[in-house]
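Okay, entry_34.pdb now, which holds PDB, C-alpha atoms, pLDDT in the B column:
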ATOM      1  CA  MET A   1     -36.337 -27.947  27.276  1.00 90.00           C
ATOM      2  CA  ILE A   2     -32.672 -29.001  27.527  1.00 97.00           C
ATOM      3  CA  SER A   3     -31.583 -31.211  24.660  1.00 98.00           C
ATOM      4  CA  PRO A   4     -30.152 -34.613  25.609  1.00 97.00           C
ATOM      5  CA  HIS A   5     -27.414 -33.817  23.085  1.00 98.00           C
ATOM      6  CA  ALA A   6     -26.303 -30.681  24.961  1.00 98.00           C
ATOM      7  CA  ILE A   7     -23.312 -30.830  27.297  1.00 98.00           C
ATOM      8  CA  ILE A   8     -23.886 -29.146  30.673  1.00 98.00           C
ATOM      9  CA  GLU A   9     -20.725 -29.304  32.771  1.00 98.00           C
ATOM     10  CA  GLU A  10     -21.021 -29.976  36.474  1.00 98.00           C
ATOM     11  CA  GLY A  11     -21.123 -26.700  38.389  1.00 98.00           C
ATOM     12  CA  ALA A  12     -23.134 -24.750  35.816  1.00 98.00           C
ATOM     13  CA  VAL A  13     -26.185 -23.002  37.293  1.00 98.00           C
ATOM     14  CA  ILE A  14     -29.283 -23.148  35.091  1.00 98.00           C
ATOM     15  CA  GLY A  15     -32.394 -21.140  35.986  1.00 98.00           C
ATOM     16  CA  LYS A  16     -36.060 -21.968  35.520  1.00 98.00           C
ATOM     17  CA  ASP A  17     -37.589 -22.409  32.066  1.00 98.00           C
ATOM     18  CA  VAL A  18     -34.205 -22.285  30.329  1.00 98.00           C
ATOM     19  CA  SER A  19     -33.961 -24.054  26.970  1.00 98.00           C
ATOM     20  CA  ILE A  20     -30.666 -25.312  25.551  1.00 98.00           C
ATOM     21  CA  GLY A  21     -30.481 -26.679  22.023  1.00 98.00           C
ATOM     22  CA  HIS A  22     -28.765 -29.643  20.429  1.00 98.00           C
ATOM     23  CA  PHE A  23     -24.986 -29.875  20.749  1.00 98.00           C
ATOM     24  CA  SER A  24     -24.582 -26.700  22.799  1.00 98.00           C
ATOM     25  CA  ILE A  25     -21.890 -26.668  25.482  1.00 98.00           C
ATOM     26  CA  ILE A  26     -22.349 -24.911  28.835  1.00 98.00           C
ATOM     27  CA  GLY A  27     -19.205 -24.572  30.957  1.00 98.00           C
ATOM     28  CA  LYS A  28     -18.854 -25.282  34.652  1.00 98.00           C
ATOM     29  CA  ASP A  29     -18.580 -21.618  35.701  1.00 98.00           C
ATOM     30  CA  VAL A  30     -21.614 -20.426  33.743  1.00 98.00           C
ATOM     31  CA  LYS A  31     -24.832 -19.074  35.245  1.00 98.00           C
ATOM     32  CA  ILE A  32     -27.945 -18.758  33.058  1.00 98.00           C
ATOM     33  CA  GLY A  33     -31.002 -16.860  34.299  1.00 98.00           C
ATOM     34  CA  ASP A  34     -34.661 -17.830  34.092  1.00 98.00           C
ATOM     35  CA  GLY A  35     -36.343 -17.973  30.715  1.00 98.00           C
ATOM     36  CA  THR A  36     -33.181 -17.670  28.610  1.00 98.00           C
ATOM     37  CA  LYS A  37     -33.110 -19.621  25.345  1.00 98.00           C
ATOM     38  CA  VAL A  38     -29.827 -21.016  24.076  1.00 98.00           C
ATOM     39  CA  GLY A  39     -30.003 -22.363  20.546  1.00 98.00           C
ATOM     40  CA  PRO A  40     -28.144 -25.315  19.027  1.00 98.00           C
ATOM     41  CA  HIS A  41     -24.361 -25.374  18.608  1.00 98.00           C
ATOM     42  CA  VAL A  42     -23.783 -22.524  21.082  1.00 98.00           C
ATOM     43  CA  THR A  43     -20.729 -22.465  23.356  1.00 98.00           C
ATOM     44  CA  VAL A  44     -21.034 -20.644  26.677  1.00 98.00           C
ATOM     45  CA  THR A  45     -17.844 -20.866  28.678  1.00 98.00           C
ATOM     46  CA  GLY A  46     -15.657 -18.962  31.136  1.00 98.00           C
ATOM     47  CA  HIS A  47     -16.927 -17.148  34.207  1.00 98.00           C
ATOM     48  CA  THR A  48     -20.074 -16.012  32.431  1.00 98.00           C
ATOM     49  CA  SER A  49     -23.352 -14.896  33.966  1.00 98.00           C
ATOM     50  CA  ILE A  50     -26.399 -14.439  31.740  1.00 98.00           C
ATOM     51  CA  GLY A  51     -29.575 -12.811  33.015  1.00 98.00           C
ATOM     52  CA  LYS A  52     -33.230 -13.514  32.319  1.00 98.00           C
ATOM     53  CA  ASN A  53     -35.107 -13.945  29.044  1.00 98.00           C
ATOM     54  CA  ASN A  54     -32.156 -13.683  26.690  1.00 98.00           C
ATOM     55  CA  GLN A  55     -32.089 -15.375  23.266  1.00 98.00           C
ATOM     56  CA  ILE A  56     -28.788 -16.776  21.996  1.00 98.00           C
ATOM     57  CA  PHE A  57     -28.803 -18.179  18.471  1.00 98.00           C
ATOM     58  CA  GLN A  58     -26.760 -20.943  16.902  1.00 98.00           C
ATOM     59  CA  TYR A  59     -22.976 -20.859  16.653  1.00 98.00           C
ATOM     60  CA  ALA A  60     -22.546 -17.953  19.059  1.00 98.00           C
ATOM     61  CA  SER A  61     -19.427 -18.089  21.249  1.00 98.00           C
ATOM     62  CA  VAL A  62     -20.158 -16.515  24.622  1.00 98.00           C
ATOM     63  CA  GLY A  63     -17.594 -16.049  27.389  1.00 98.00           C
ATOM     64  CA  GLU A  64     -14.495 -17.242  25.594  1.00 98.00           C
ATOM     65  CA  ALA A  65     -11.045 -16.041  26.665  1.00 98.00           C
ATOM     66  CA  PRO A  66     -10.106 -12.538  25.473  1.00 98.00           C
ATOM     67  CA  GLN A  67      -7.981 -12.000  22.398  1.00 97.00           C
ATOM     68  CA  SER A  68      -5.299 -10.222  24.401  1.00 97.00           C
ATOM     69  CA  THR A  69      -1.594 -11.020  24.700  1.00 95.00           C
ATOM     70  CA  SER A  70      -1.766  -9.949  28.349  1.00 93.00           C
ATOM     71  CA  TYR A  71      -4.256 -12.670  29.256  1.00 96.00           C
ATOM     72  CA  ARG A  72      -2.840 -15.466  31.433  1.00 95.00           C
ATOM     73  CA  ASN A  73      -5.916 -17.630  32.044  1.00 95.00           C
ATOM     74  CA  GLU A  74      -7.128 -15.510  34.948  1.00 97.00           C
ATOM     75  CA  PRO A  75     -10.776 -16.052  36.012  1.00 96.00           C
ATOM     76  CA  THR A  76     -12.118 -12.879  34.388  1.00 98.00           C
ATOM     77  CA  GLU A  77     -15.814 -12.410  33.700  1.00 98.00           C
ATOM     78  CA  LEU A  78     -18.526 -11.733  31.159  1.00 98.00           C
ATOM     79  CA  ARG A  79     -21.779 -10.370  32.579  1.00 98.00           C
ATOM     80  CA  ILE A  80     -24.882 -10.180  30.395  1.00 98.00           C
ATOM     81  CA  GLY A  81     -28.128  -8.599  31.585  1.00 98.00           C
ATOM     82  CA  ASP A  82     -31.741  -9.350  30.659  1.00 98.00           C
ATOM     83  CA  ASN A  83     -33.762  -9.479  27.434  1.00 98.00           C
ATOM     84  CA  ASN A  84     -30.842  -9.402  25.027  1.00 99.00           C
ATOM     85  CA  ILE A  85     -30.937 -10.978  21.550  1.00 99.00           C
ATOM     86  CA  ILE A  86     -27.614 -12.451  20.423  1.00 99.00           C
ATOM     87  CA  ARG A  87     -27.779 -13.706  16.857  1.00 98.00           C
ATOM     88  CA  GLU A  88     -25.764 -16.228  14.877  1.00 98.00           C
ATOM     89  CA  CYS A  89     -21.971 -16.386  15.184  1.00 98.00           C
ATOM     90  CA  CYS A  90     -21.549 -13.526  17.656  1.00 98.00           C
ATOM     91  CA  THR A  91     -18.372 -13.580  19.769  1.00 98.00           C
ATOM     92  CA  LEU A  92     -18.462 -12.107  23.286  1.00 98.00           C
ATOM     93  CA  HIS A  93     -15.288 -12.297  25.379  1.00 98.00           C
ATOM     94  CA  THR A  94     -14.457 -12.055  29.060  1.00 98.00           C
ATOM     95  CA  GLY A  95     -12.353  -9.229  30.466  1.00 98.00           C
ATOM     96  CA  THR A  96      -8.674  -8.920  31.279  1.00 98.00           C
ATOM     97  CA  VAL A  97      -7.029  -8.191  34.612  1.00 97.00           C
ATOM     98  CA  ASP A  98      -5.511  -4.990  33.245  1.00 95.00           C
ATOM     99  CA  GLY A  99      -8.934  -3.828  32.066  1.00 96.00           C
ATOM    100  CA  GLY A 100     -10.746  -4.485  35.345  1.00 96.00           C
ATOM    101  CA  GLY A 101     -11.582  -8.118  34.728  1.00 97.00           C
ATOM    102  CA  VAL A 102     -15.137  -7.724  33.421  1.00 98.00           C
ATOM    103  CA  THR A 103     -16.896  -7.354  30.092  1.00 98.00           C
ATOM    104  CA  LYS A 104     -20.424  -6.121  30.734  1.00 98.00           C
ATOM    105  CA  ILE A 105     -23.499  -6.074  28.489  1.00 98.00           C
ATOM    106  CA  GLY A 106     -26.667  -4.411  29.801  1.00 98.00           C
ATOM    107  CA  ASP A 107     -30.331  -5.061  29.011  1.00 98.00           C
ATOM    108  CA  ASP A 108     -32.514  -5.102  25.885  1.00 98.00           C
ATOM    109  CA  ASN A 109     -29.651  -5.072  23.402  1.00 99.00           C
ATOM    110  CA  PHE A 110     -29.852  -6.568  19.901  1.00 99.00           C
ATOM    111  CA  LEU A 111     -26.652  -8.043  18.475  1.00 99.00           C
ATOM    112  CA  MET A 112     -27.119  -9.172  14.890  1.00 98.00           C
ATOM    113  CA  ALA A 113     -25.034 -11.893  13.230  1.00 98.00           C
ATOM    114  CA  TYR A 114     -21.228 -11.845  13.456  1.00 98.00           C
ATOM    115  CA  VAL A 115     -21.023  -9.040  16.014  1.00 98.00           C
ATOM    116  CA  HIS A 116     -17.849  -9.028  18.103  1.00 98.00           C
ATOM    117  CA  ILE A 117     -17.641  -7.582  21.632  1.00 98.00           C
ATOM    118  CA  ALA A 118     -14.044  -7.669  22.833  1.00 98.00           C
ATOM    119  CA  HIS A 119     -12.617  -7.799  26.344  1.00 98.00           C
ATOM    120  CA  ASP A 120     -13.425  -5.158  28.953  1.00 98.00           C
ATOM    121  CA  CYS A 121     -16.168  -3.465  26.942  1.00 98.00           C
ATOM    122  CA  PHE A 122     -19.049  -1.894  28.838  1.00 98.00           C
ATOM    123  CA  LEU A 123     -22.400  -1.727  27.026  1.00 98.00           C
ATOM    124  CA  GLY A 124     -25.495   0.060  28.258  1.00 98.00           C
ATOM    125  CA  ASN A 125     -29.076  -0.719  27.299  1.00 98.00           C
ATOM    126  CA  LYS A 126     -31.189  -0.788  24.121  1.00 98.00           C
ATOM    127  CA  ILE A 127     -28.201  -0.809  21.773  1.00 98.00           C
ATOM    128  CA  ILE A 128     -28.505  -2.230  18.252  1.00 98.00           C
ATOM    129  CA  PHE A 129     -25.509  -3.739  16.476  1.00 98.00           C
ATOM    130  CA  ALA A 130     -26.161  -4.440  12.796  1.00 98.00           C
ATOM    131  CA  ASN A 131     -24.373  -7.386  11.181  1.00 98.00           C
ATOM    132  CA  GLY A 132     -20.610  -7.538  11.446  1.00 98.00           C
ATOM    133  CA  SER A 133     -20.159  -4.598  13.813  1.00 98.00           C
ATOM    134  CA  SER A 134     -17.141  -4.957  16.100  1.00 98.00           C
ATOM    135  CA  LEU A 135     -15.863  -3.308  19.259  1.00 98.00           C
ATOM    136  CA  ALA A 136     -12.198  -3.576  20.148  1.00 98.00           C
ATOM    137  CA  GLY A 137     -11.195  -3.854  23.804  1.00 98.00           C
ATOM    138  CA  HIS A 138     -12.143  -1.384  26.542  1.00 98.00           C
ATOM    139  CA  VAL A 139     -14.876   0.377  24.532  1.00 98.00           C
ATOM    140  CA  ILE A 140     -17.731   2.018  26.464  1.00 98.00           C
ATOM    141  CA  VAL A 141     -21.119   2.385  24.759  1.00 98.00           C
ATOM    142  CA  ASP A 142     -23.995   4.349  26.292  1.00 98.00           C
ATOM    143  CA  ASP A 143     -27.725   3.637  25.841  1.00 98.00           C
ATOM    144  CA  HIS A 144     -29.767   3.744  22.605  1.00 98.00           C
ATOM    145  CA  VAL A 145     -26.823   3.599  20.193  1.00 98.00           C
ATOM    146  CA  ILE A 146     -27.360   2.115  16.704  1.00 98.00           C
ATOM    147  CA  PHE A 147     -24.287   0.757  14.921  1.00 98.00           C
ATOM    148  CA  GLY A 148     -24.659   0.391  11.156  1.00 98.00           C
ATOM    149  CA  GLY A 149     -23.433  -2.824   9.553  1.00 98.00           C
ATOM    150  CA  PHE A 150     -19.685  -3.468   9.759  1.00 98.00           C
ATOM    151  CA  THR A 151     -19.024  -0.496  12.016  1.00 98.00           C
ATOM    152  CA  LEU A 152     -15.586  -0.780  13.657  1.00 98.00           C
ATOM    153  CA  ILE A 153     -14.686   0.991  16.903  1.00 98.00           C
ATOM    154  CA  HIS A 154     -11.070   1.323  18.045  1.00 98.00           C
ATOM    155  CA  GLN A 155     -10.011   0.239  21.513  1.00 98.00           C
ATOM    156  CA  PHE A 156     -10.583   2.584  24.475  1.00 98.00           C
ATOM    157  CA  CYS A 157     -13.160   4.687  22.585  1.00 98.00           C
ATOM    158  CA  LYS A 158     -16.350   5.960  24.183  1.00 98.00           C
ATOM    159  CA  ILE A 159     -19.652   6.179  22.332  1.00 98.00           C
ATOM    160  CA  GLY A 160     -22.276   8.539  23.739  1.00 98.00           C
ATOM    161  CA  ALA A 161     -25.994   7.858  24.040  1.00 98.00           C
ATOM    162  CA  HIS A 162     -28.279   8.050  20.998  1.00 98.00           C
ATOM    163  CA  VAL A 163     -25.430   7.907  18.467  1.00 98.00           C
ATOM    164  CA  MET A 164     -26.084   6.379  15.052  1.00 98.00           C
ATOM    165  CA  THR A 165     -23.296   5.222  12.724  1.00 98.00           C
ATOM    166  CA  GLY A 166     -23.469   4.640   8.984  1.00 98.00           C
ATOM    167  CA  ILE A 167     -22.623   1.330   7.346  1.00 98.00           C
ATOM    168  CA  GLY A 168     -18.898   0.631   7.406  1.00 98.00           C
ATOM    169  CA  ALA A 169     -18.077   3.503   9.760  1.00 98.00           C
ATOM    170  CA  VAL A 170     -14.644   3.294  11.384  1.00 98.00           C
ATOM    171  CA  SER A 171     -13.900   5.428  14.439  1.00 98.00           C
ATOM    172  CA  PHE A 172     -10.589   5.917  16.201  1.00 98.00           C
ATOM    173  CA  LYS A 173     -12.026   8.679  18.379  1.00 98.00           C
ATOM    174  CA  ASP A 174     -14.810   9.148  20.900  1.00 98.00           C
ATOM    175  CA  ILE A 175     -18.248   9.904  19.454  1.00 98.00           C
ATOM    176  CA  PRO A 176     -20.247  12.468  21.450  1.00 98.00           C
ATOM    177  CA  PRO A 177     -23.871  11.679  22.320  1.00 98.00           C
ATOM    178  CA  TYR A 178     -26.744  12.418  19.928  1.00 98.00           C
ATOM    179  CA  LEU A 179     -24.601  12.445  16.765  1.00 98.00           C
ATOM    180  CA  LYS A 180     -24.835  10.750  13.384  1.00 98.00           C
ATOM    181  CA  VAL A 181     -21.427   9.711  12.047  1.00 98.00           C
ATOM    182  CA  ALA A 182     -20.294   7.928   8.900  1.00 98.00           C
ATOM    183  CA  GLY A 183     -17.214   7.132   6.885  1.00 98.00           C
ATOM    184  CA  ASN A 184     -13.693   5.789   7.272  1.00 97.00           C
ATOM    185  CA  THR A 185     -12.451   7.638   9.205  1.00 97.00           C
ATOM    186  CA  ALA A 186     -15.807   8.570  10.803  1.00 98.00           C
ATOM    187  CA  ARG A 187     -16.967  12.172  10.558  1.00 98.00           C
ATOM    188  CA  PRO A 188     -20.008  13.887  12.110  1.00 98.00           C
ATOM    189  CA  TYR A 189     -23.140  14.463  10.031  1.00 98.00           C
ATOM    190  CA  GLY A 190     -25.391  16.325  12.412  1.00 98.00           C
ATOM    191  CA  ILE A 191     -27.692  15.418  15.266  1.00 98.00           C
ATOM    192  CA  ASN A 192     -29.564  12.091  15.152  1.00 98.00           C
ATOM    193  CA  VAL A 193     -32.898  13.876  14.872  1.00 98.00           C
ATOM    194  CA  LYS A 194     -35.064  10.945  13.751  1.00 97.00           C
ATOM    195  CA  GLY A 195     -33.738   8.721  16.500  1.00 98.00           C
ATOM    196  CA  LEU A 196     -34.358  11.361  19.138  1.00 98.00           C
ATOM    197  CA  GLN A 197     -37.885  12.008  17.891  1.00 98.00           C
ATOM    198  CA  ARG A 198     -38.677   8.286  18.094  1.00 97.00           C
ATOM    199  CA  ARG A 199     -37.539   8.323  21.732  1.00 97.00           C
ATOM    200  CA  GLY A 200     -39.711  11.254  22.721  1.00 97.00           C
ATOM    201  CA  PHE A 201     -37.341  14.223  22.503  1.00 97.00           C
ATOM    202  CA  ASP A 202     -39.357  17.361  21.764  1.00 96.00           C
ATOM    203  CA  GLU A 203     -38.416  20.102  19.307  1.00 97.00           C
ATOM    204  CA  VAL A 204     -37.068  22.367  22.045  1.00 96.00           C
ATOM    205  CA  ALA A 205     -34.593  19.706  23.207  1.00 96.00           C
ATOM    206  CA  ILE A 206     -33.551  18.868  19.648  1.00 98.00           C
ATOM    207  CA  SER A 207     -33.101  22.539  18.778  1.00 97.00           C
ATOM    208  CA  ALA A 208     -30.811  23.008  21.781  1.00 97.00           C
ATOM    209  CA  LEU A 209     -28.686  20.048  20.722  1.00 98.00           C
ATOM    210  CA  LYS A 210     -28.489  21.397  17.175  1.00 98.00           C
ATOM    211  CA  GLN A 211     -27.188  24.678  18.552  1.00 97.00           C
ATOM    212  CA  ALA A 212     -24.561  22.845  20.610  1.00 97.00           C
ATOM    213  CA  TYR A 213     -23.566  20.859  17.517  1.00 98.00           C
ATOM    214  CA  ARG A 214     -23.180  24.005  15.421  1.00 97.00           C
ATOM    215  CA  THR A 215     -21.072  25.586  18.155  1.00 97.00           C
ATOM    216  CA  LEU A 216     -18.648  22.652  18.151  1.00 97.00           C
ATOM    217  CA  TYR A 217     -18.532  21.826  14.458  1.00 97.00           C
ATOM    218  CA  ARG A 218     -19.553  24.935  12.496  1.00 95.00           C
ATOM    219  CA  SER A 219     -18.504  27.996  14.502  1.00 95.00           C
ATOM    220  CA  GLN A 220     -14.764  27.810  13.724  1.00 91.00           C
ATOM    221  CA  LEU A 221     -14.055  28.266  17.429  1.00 95.00           C
ATOM    222  CA  SER A 222     -11.199  26.312  18.969  1.00 95.00           C
ATOM    223  CA  PHE A 223     -12.219  23.101  20.705  1.00 95.00           C
ATOM    224  CA  MET A 224     -11.829  24.570  24.182  1.00 95.00           C
ATOM    225  CA  ASP A 225     -13.600  27.818  23.301  1.00 97.00           C
ATOM    226  CA  ALA A 226     -16.473  25.825  21.791  1.00 96.00           C
ATOM    227  CA  ILE A 227     -16.783  23.806  24.991  1.00 96.00           C
ATOM    228  CA  GLY A 228     -16.982  27.063  26.947  1.00 96.00           C
ATOM    229  CA  GLU A 229     -19.867  28.276  24.793  1.00 95.00           C
ATOM    230  CA  ILE A 230     -21.649  24.920  24.999  1.00 96.00           C
ATOM    231  CA  LYS A 231     -21.361  24.992  28.788  1.00 95.00           C
ATOM    232  CA  LYS A 232     -23.300  28.260  28.763  1.00 93.00           C
ATOM    233  CA  LEU A 233     -26.066  26.584  26.769  1.00 92.00           C
ATOM    234  CA  ALA A 234     -25.986  23.634  29.166  1.00 91.00           C
ATOM    235  CA  ASP A 235     -27.198  25.794  32.050  1.00 87.00           C
ATOM    236  CA  ASP A 236     -30.728  25.539  30.647  1.00 83.00           C
ATOM    237  CA  ASP A 237     -30.720  22.045  29.137  1.00 93.00           C
ATOM    238  CA  SER A 238     -29.736  18.700  30.669  1.00 95.00           C
ATOM    239  CA  ASN A 239     -29.116  17.085  27.284  1.00 97.00           C
ATOM    240  CA  VAL A 240     -26.692  19.802  26.254  1.00 97.00           C
ATOM    241  CA  LYS A 241     -24.995  19.396  29.633  1.00 97.00           C
ATOM    242  CA  LYS A 242     -24.512  15.707  28.875  1.00 97.00           C
ATOM    243  CA  PHE A 243     -23.029  16.686  25.507  1.00 98.00           C
ATOM    244  CA  ALA A 244     -20.671  19.189  27.150  1.00 97.00           C
ATOM    245  CA  ASP A 245     -19.619  16.775  29.896  1.00 97.00           C
ATOM    246  CA  PHE A 246     -18.754  14.140  27.295  1.00 98.00           C
ATOM    247  CA  LEU A 247     -16.493  16.598  25.469  1.00 98.00           C
ATOM    248  CA  VAL A 248     -14.747  17.646  28.678  1.00 97.00           C
ATOM    249  CA  ASN A 249     -14.117  14.059  29.757  1.00 97.00           C
ATOM    250  CA  SER A 250     -12.968  12.688  26.388  1.00 97.00           C
ATOM    251  CA  GLU A 251      -9.471  11.242  26.605  1.00 95.00           C
ATOM    252  CA  ARG A 252      -9.011  10.144  22.993  1.00 95.00           C
ATOM    253  CA  GLY A 253     -10.484  13.261  21.432  1.00 97.00           C
ATOM    254  CA  VAL A 254     -13.779  13.325  19.557  1.00 98.00           C
ATOM    255  CA  VAL A 255     -14.680  12.807  15.901  1.00 98.00           C
ATOM    256  CA  ARG A 256     -14.322  16.063  13.957  1.00 94.00           C
TER
END
Translate the structure described by the file into structure tokens.
Amino acid sequence: MISPHAIIEEGAVIGKDVSIGHFSIIGKDVKIGDGTKVGPHVTVTGHTSIGKNNQIFQYASVGEAPQSTSYRNEPTELRIGDNNIIRECCTLHTGTVDGGGVTKIGDDNFLMAYVHIAHDCFLGNKIIFANGSSLAGHVIVDDHVIFGGFTLIHQFCKIGAHVMTGIGAVSFKDIPPYLKVAGNTARPYGINVKGLQRRGFDEVAISALKQAYRTLYRSQLSFMDAIGEIKKLADDDSNVKKFADFLVNSERGVVR
């Protein structure tokens, strides 16, 4: 299951039932978990750990040094969880010392071709990146986010759970959970109702989130006054509380 034309450097740790395709290169500080499939012409380097049952397609570059002027060849890390699909020509970089030293990708994520995950990003689970989507450094993405093709996210932004972006969206701000956003620069277009319905949210939960959305974006209240009103709604709904907490903790400001 490991091609004789692959290069596996001494020190690499390869789990059970791992396949590695022709002309792929696995660095000495790499760990690959059981059942992971690495296609042909893949480079996995750096201090990179990959979990179980991942699929990495041809020409992906996994664990390369970060594109950061602060990087000085420190042994920073890339950690990838289980059951991820990483398609052709994706680039996933290790962290920087200033950013905590780790780039982390969770479980069950789907990265389509030419996706870029920069240094010190933290990704949750069940995230979909359509082709050409890119995260700059230090971006945090919560679970169940869907990035439309060629979405671009500025460094240090936070993306809440269940967000969906339109094709070519560009965001310089945090995106609160449950929203649909689109455009350059990204603007909100309501609650991601279809996505929430597919994940089992009932009409009561969705209605509460719609009310929170209207309070923030349609009431003409100031940002802080809107947060105060949303906090009142959050007393009876955990999803609205998550929405309110995101707004309170945003450091870059949120899309408006």
Next item on the list: Using the chain letters and numbering of this document, enumerate as a PyMOL selection string the residues selected by the PyMOL selection byres ((chain A and resi 68-74) around 9).
Entry: chain A and resi 65-67+75-76+95-98+101+119+137
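Atom CA of Thr151 of chain A is positioned 8.2 Å from atom CA of Ser171 of chain A.
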Practice problem: Fewer than 4 positions away in the same chain doesn't count, so skip those; otherwise give me all residues within 10 Å of Cys121 of chain A, counting all atoms listed in the file, as a PyMOL selection string. | Solution: chain A and resi 78+92-95+99+102-105+117+135-141+155-158
Store the residues of this selection in a file with C-alpha atoms, as a PDB file, in the coordinates of the input.
ATOM      1  CA  LEU A  78     -18.526 -11.733  31.159  1.00 98.00           C
ATOM      2  CA  LEU A  92     -18.462 -12.107  23.286  1.00 98.00           C
ATOM      3  CA  HIS A  93     -15.288 -12.297  25.379  1.00 98.00           C
ATOM      4  CA  THR A  94     -14.457 -12.055  29.060  1.00 98.00           C
ATOM      5  CA  GLY A  95     -12.353  -9.229  30.466  1.00 98.00           C
ATOM      6  CA  GLY A  99      -8.934  -3.828  32.066  1.00 96.00           C
ATOM      7  CA  VAL A 102     -15.137  -7.724  33.421  1.00 98.00           C
ATOM      8  CA  THR A 103     -16.896  -7.354  30.092  1.00 98.00           C
ATOM      9  CA  LYS A 104     -20.424  -6.121  30.734  1.00 98.00           C
ATOM     10  CA  ILE A 105     -23.499  -6.074  28.489  1.00 98.00           C
ATOM     11  CA  ILE A 117     -17.641  -7.582  21.632  1.00 98.00           C
ATOM     12  CA  LEU A 135     -15.863  -3.308  19.259  1.00 98.00           C
ATOM     13  CA  ALA A 136     -12.198  -3.576  20.148  1.00 98.00           C
ATOM     14  CA  GLY A 137     -11.195  -3.854  23.804  1.00 98.00           C
ATOM     15  CA  HIS A 138     -12.143  -1.384  26.542  1.00 98.00           C
ATOM     16  CA  VAL A 139     -14.876   0.377  24.532  1.00 98.00           C
ATOM     17  CA  ILE A 140     -17.731   2.018  26.464  1.00 98.00           C
ATOM     18  CA  VAL A 141     -21.119   2.385  24.759  1.00 98.00           C
ATOM     19  CA  GLN A 155     -10.011   0.239  21.513  1.00 98.00           C
ATOM     20  CA  PHE A 156     -10.583   2.584  24.475  1.00 98.00           C
ATOM     21  CA  CYS A 157     -13.160   4.687  22.585  1.00 98.00           C
ATOM     22  CA  LYS A 158     -16.350   5.960  24.183  1.00 98.00           C
TER      23      LYS A 158
END
- [ ] For the structure provided, state which residues fall under the PyMOL selection byres ((chain A and resi 38) around 6), and present them as JSON, numbers by chain.
- [x] {"A": [19, 20, 37, 39, 56]}
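Distances to Pro176 of chain A were evaluated for A:Ser250, A:Gln211, A:Gln58, A:Asn84 using all atoms listed in the file, and the minimum falls at A:Ser250.
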Shell around Asp17 of chain A at 9 Å using only C-alpha atoms, local window under 4 positions removed, as a VMD selection string
chain A and resid 1 33 to 37
Expressed in Å, the length from atom CA of Thr165 of chain A to atom CA of Gly148 of chain A is 5.3 Å
### Message
List as an MDAnalysis selection string the protein and nucleic acid residues near Ile7 of chain A, meaning an atom at most 8 Å away when only C-alpha atoms are counted, but skip any in the same chain fewer than 4 places from it.
### Response
chainID A and resid 23:26
Produce a file of the selected residues containing C-alpha atoms, as a PDB file, in the coordinates of the input.
ATOM      1  CA  PHE A  23     -24.986 -29.875  20.749  1.00 98.00           C
ATOM      2  CA  SER A  24     -24.582 -26.700  22.799  1.00 98.00           C
ATOM      3  CA  ILE A  25     -21.890 -26.668  25.482  1.00 98.00           C
ATOM      4  CA  ILE A  26     -22.349 -24.911  28.835  1.00 98.00           C
TER       5      ILE A  26
END
Residues matched by the PyMOL selection byres ((chain A and resi 168) around 6), written as a PyMOL selection string
chain A and resi 150-151+167+169
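Using only C-alpha atoms, the smallest distance between any of A:Ile86, A:Leu209, A:Ala118, A:Val30 and His154 of chain A comes from A:Ala118.
One distance worth recording is that between atom CA of Arg87 of chain A and atom CA of Ile146 of chain A, which is 15.8 Å.
Shell of Val44 of chain A at 7 Å, with all atoms listed in the file counted and residues fewer than 2 places along the chain excluded, is A:Ile25, A:Ile26, A:Gly27, A:Val42, A:Ser61, A:Val62, A:Gly63.
Using all atoms listed in the file, the nearest neighbour of Gly195 of chain A within the list A:Leu233, A:Ala6, A:Val18, A:Ala161 is A:Ala161.
Candidate residues A:Val13, A:Leu111, A:Leu196, A:Ile191 were compared for distance to Arg214 of chain A, and the nearest is A:Ile191, using all atoms listed in the file.
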